[in-house]
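Inspection log for the structure reproduced underneath, given as structure tokens.
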Amino acid sequence: MIARARREGRPVAVRSFSRDLDPVLLAPAGLFVVTLLAEMRWCEFGFICAALGVTPAALSTQLGKLRREGIVQTQRSKAQRTWVRLTPEGRERLVNHLEALQAMVSRAVGLVAAGTAIHDRPPPEDDL
């Protein structure tokens with residue numbers, strides 16, 4: 001929705017950005033886990049901990065949230081190792097979330113640039 005409005009040159013309301021962001025992926029830890037998994041089929045729990053620099057307890061908490069949302073799937077091996085992967089729904093949600101974030105950042109850059117240009121000029125003399 002945001003991408004179409006941008007292509008058509010229409011302004012995009014702030015609430016559109018909020019609506020398109022995935023609330024589950026707003027937490028940086030969850031977003032980093034899902035982004036890491038996007039590159040892999042199955043990933044071992046210990047590797048994720050090491051790659052993201054998180055404790056096993058913190059990763060377990062994040063994976064529990066992501067699993068309940070259907071974003072990731074976990075599986076225990078016979079060797080009692082936990083393996084994690086992104087579900088097809090999780091992959092779609094990640095792509096949609098990243099597109100919404102990208103649109104938001106682009107809009108923010110535009111607002112900052114426009115604000116900078118406006119504030120670089122001296123105020124009209126009648127306002128002094």
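Chain labels follow the order of the structure tokens: the first chain is A, the next B, and so on; residue numbering restarts at 1 in every chain, and ligands are counted from 1 in their shown order.
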Check your understanding: Any idea what's packed within 7 Å of segment 78-82 of chain A, counting only C-alpha atoms, ignoring anything in its chain fewer than 4 positions away? Could you give it as a ChimeraX atom specification?
Key -> /A:44-45,74
Go ahead and dump the residues you just picked, N, CA and C atoms, as an mmCIF file, in the first residue's frame.
data_model
loop_
_atom_site.group_PDB
_atom_site.id
_atom_site.type_symbol
_atom_site.label_atom_id
_atom_site.label_comp_id
_atom_site.auth_asym_id
_atom_site.auth_seq_id
_atom_site.Cartn_x
_atom_site.Cartn_y
_atom_site.Cartn_z
ATOM 1 N N GLU A 44 21.162 -23.671 13.698
ATOM 2 C CA GLU A 44 21.301 -24.237 15.044
ATOM 3 C C GLU A 44 21.220 -23.127 16.093
ATOM 4 N N PHE A 45 20.524 -23.415 17.168
ATOM 5 C CA PHE A 45 20.262 -22.468 18.253
ATOM 6 C C PHE A 45 21.549 -21.790 18.744
ATOM 7 N N THR A 74 10.662 -24.505 15.161
ATOM 8 C CA THR A 74 11.819 -25.107 15.820
ATOM 9 C C THR A 74 11.674 -26.623 15.798
#
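In this comparison, which uses only C-alpha atoms, the residue of A:Val34, A:Val109, A:Trp42, A:Ala29 approaching Ala58 of chain A most closely is A:Ala29.
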Point to revise | Gly30 of chain A surroundings by only C-alpha atoms, 9 Å radius, close-in-sequence under 2 positions cut, as a ChimeraX atom specification | key: /A:24-28,32-35,59,62-63,65-66
Kindly save the residues from that selection, with N, CA, C and O atoms included, as an mmCIF file, in the first residue's frame.
data_model
loop_
_atom_site.group_PDB
_atom_site.id
_atom_site.type_symbol
_atom_site.label_atom_id
_atom_site.label_comp_id
_atom_site.auth_asym_id
_atom_site.auth_seq_id
_atom_site.Cartn_x
_atom_site.Cartn_y
_atom_site.Cartn_z
ATOM 1 N N VAL A 24 5.304 -7.603 15.874
ATOM 2 C CA VAL A 24 6.184 -8.651 16.405
ATOM 3 C C VAL A 24 7.626 -8.402 15.990
ATOM 4 O O VAL A 24 8.555 -8.708 16.727
ATOM 5 N N LEU A 25 7.822 -7.813 14.828
ATOM 6 C CA LEU A 25 9.172 -7.588 14.318
ATOM 7 C C LEU A 25 9.727 -6.219 14.694
ATOM 8 O O LEU A 25 10.828 -5.864 14.272
ATOM 9 N N LEU A 26 8.994 -5.466 15.495
ATOM 10 C CA LEU A 26 9.507 -4.171 15.944
ATOM 11 C C LEU A 26 10.624 -4.320 16.970
ATOM 12 O O LEU A 26 11.511 -3.485 17.033
ATOM 13 N N ALA A 27 10.583 -5.377 17.754
ATOM 14 C CA ALA A 27 11.639 -5.617 18.740
ATOM 15 C C ALA A 27 12.927 -5.949 17.988
ATOM 16 O O ALA A 27 12.938 -6.861 17.157
ATOM 17 N N PRO A 28 13.997 -5.207 18.245
ATOM 18 C CA PRO A 28 15.250 -5.468 17.509
ATOM 19 C C PRO A 28 15.716 -6.917 17.583
ATOM 20 O O PRO A 28 16.148 -7.471 16.573
ATOM 21 N N PHE A 32 16.326 -9.163 14.286
ATOM 22 C CA PHE A 32 17.648 -9.705 13.963
ATOM 23 C C PHE A 32 17.599 -11.224 13.811
ATOM 24 O O PHE A 32 18.242 -11.780 12.924
ATOM 25 N N VAL A 33 16.852 -11.896 14.665
ATOM 26 C CA VAL A 33 16.730 -13.353 14.553
ATOM 27 C C VAL A 33 16.126 -13.717 13.204
ATOM 28 O O VAL A 33 16.654 -14.558 12.470
ATOM 29 N N VAL A 34 15.018 -13.086 12.868
ATOM 30 C CA VAL A 34 14.323 -13.400 11.625
ATOM 31 C C VAL A 34 15.180 -13.053 10.408
ATOM 32 O O VAL A 34 15.229 -13.807 9.437
ATOM 33 N N THR A 35 15.878 -11.943 10.467
ATOM 34 C CA THR A 35 16.744 -11.547 9.359
ATOM 35 C C THR A 35 17.876 -12.561 9.173
ATOM 36 O O THR A 35 18.209 -12.935 8.045
ATOM 37 N N LEU A 59 17.358 -15.642 23.733
ATOM 38 C CA LEU A 59 16.970 -16.201 22.443
ATOM 39 C C LEU A 59 15.740 -17.090 22.601
ATOM 40 O O LEU A 59 14.833 -17.035 21.776
ATOM 41 N N GLN A 62 12.684 -14.889 22.694
ATOM 42 C CA GLN A 62 12.347 -14.364 21.366
ATOM 43 C C GLN A 62 11.765 -15.454 20.479
ATOM 44 O O GLN A 62 10.773 -15.235 19.776
ATOM 45 N N LEU A 63 12.378 -16.627 20.485
ATOM 46 C CA LEU A 63 11.894 -17.718 19.645
ATOM 47 C C LEU A 63 10.489 -18.148 20.058
ATOM 48 O O LEU A 63 9.669 -18.499 19.202
ATOM 49 N N LYS A 65 8.116 -16.214 21.259
ATOM 50 C CA LYS A 65 7.201 -15.219 20.685
ATOM 51 C C LYS A 65 7.038 -15.431 19.188
ATOM 52 O O LYS A 65 5.924 -15.405 18.661
ATOM 53 N N LEU A 66 8.157 -15.625 18.503
ATOM 54 C CA LEU A 66 8.122 -15.795 17.053
ATOM 55 C C LEU A 66 7.423 -17.093 16.653
ATOM 56 O O LEU A 66 6.702 -17.138 15.652
#
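In this structure, atom CA of Leu21 of chain A sits 7.7 Å away from atom CA of Asn96 of chain A.
The space between atom CA of Glu69 of chain A and atom CA of Ser106 of chain A spans 28.3 Å.
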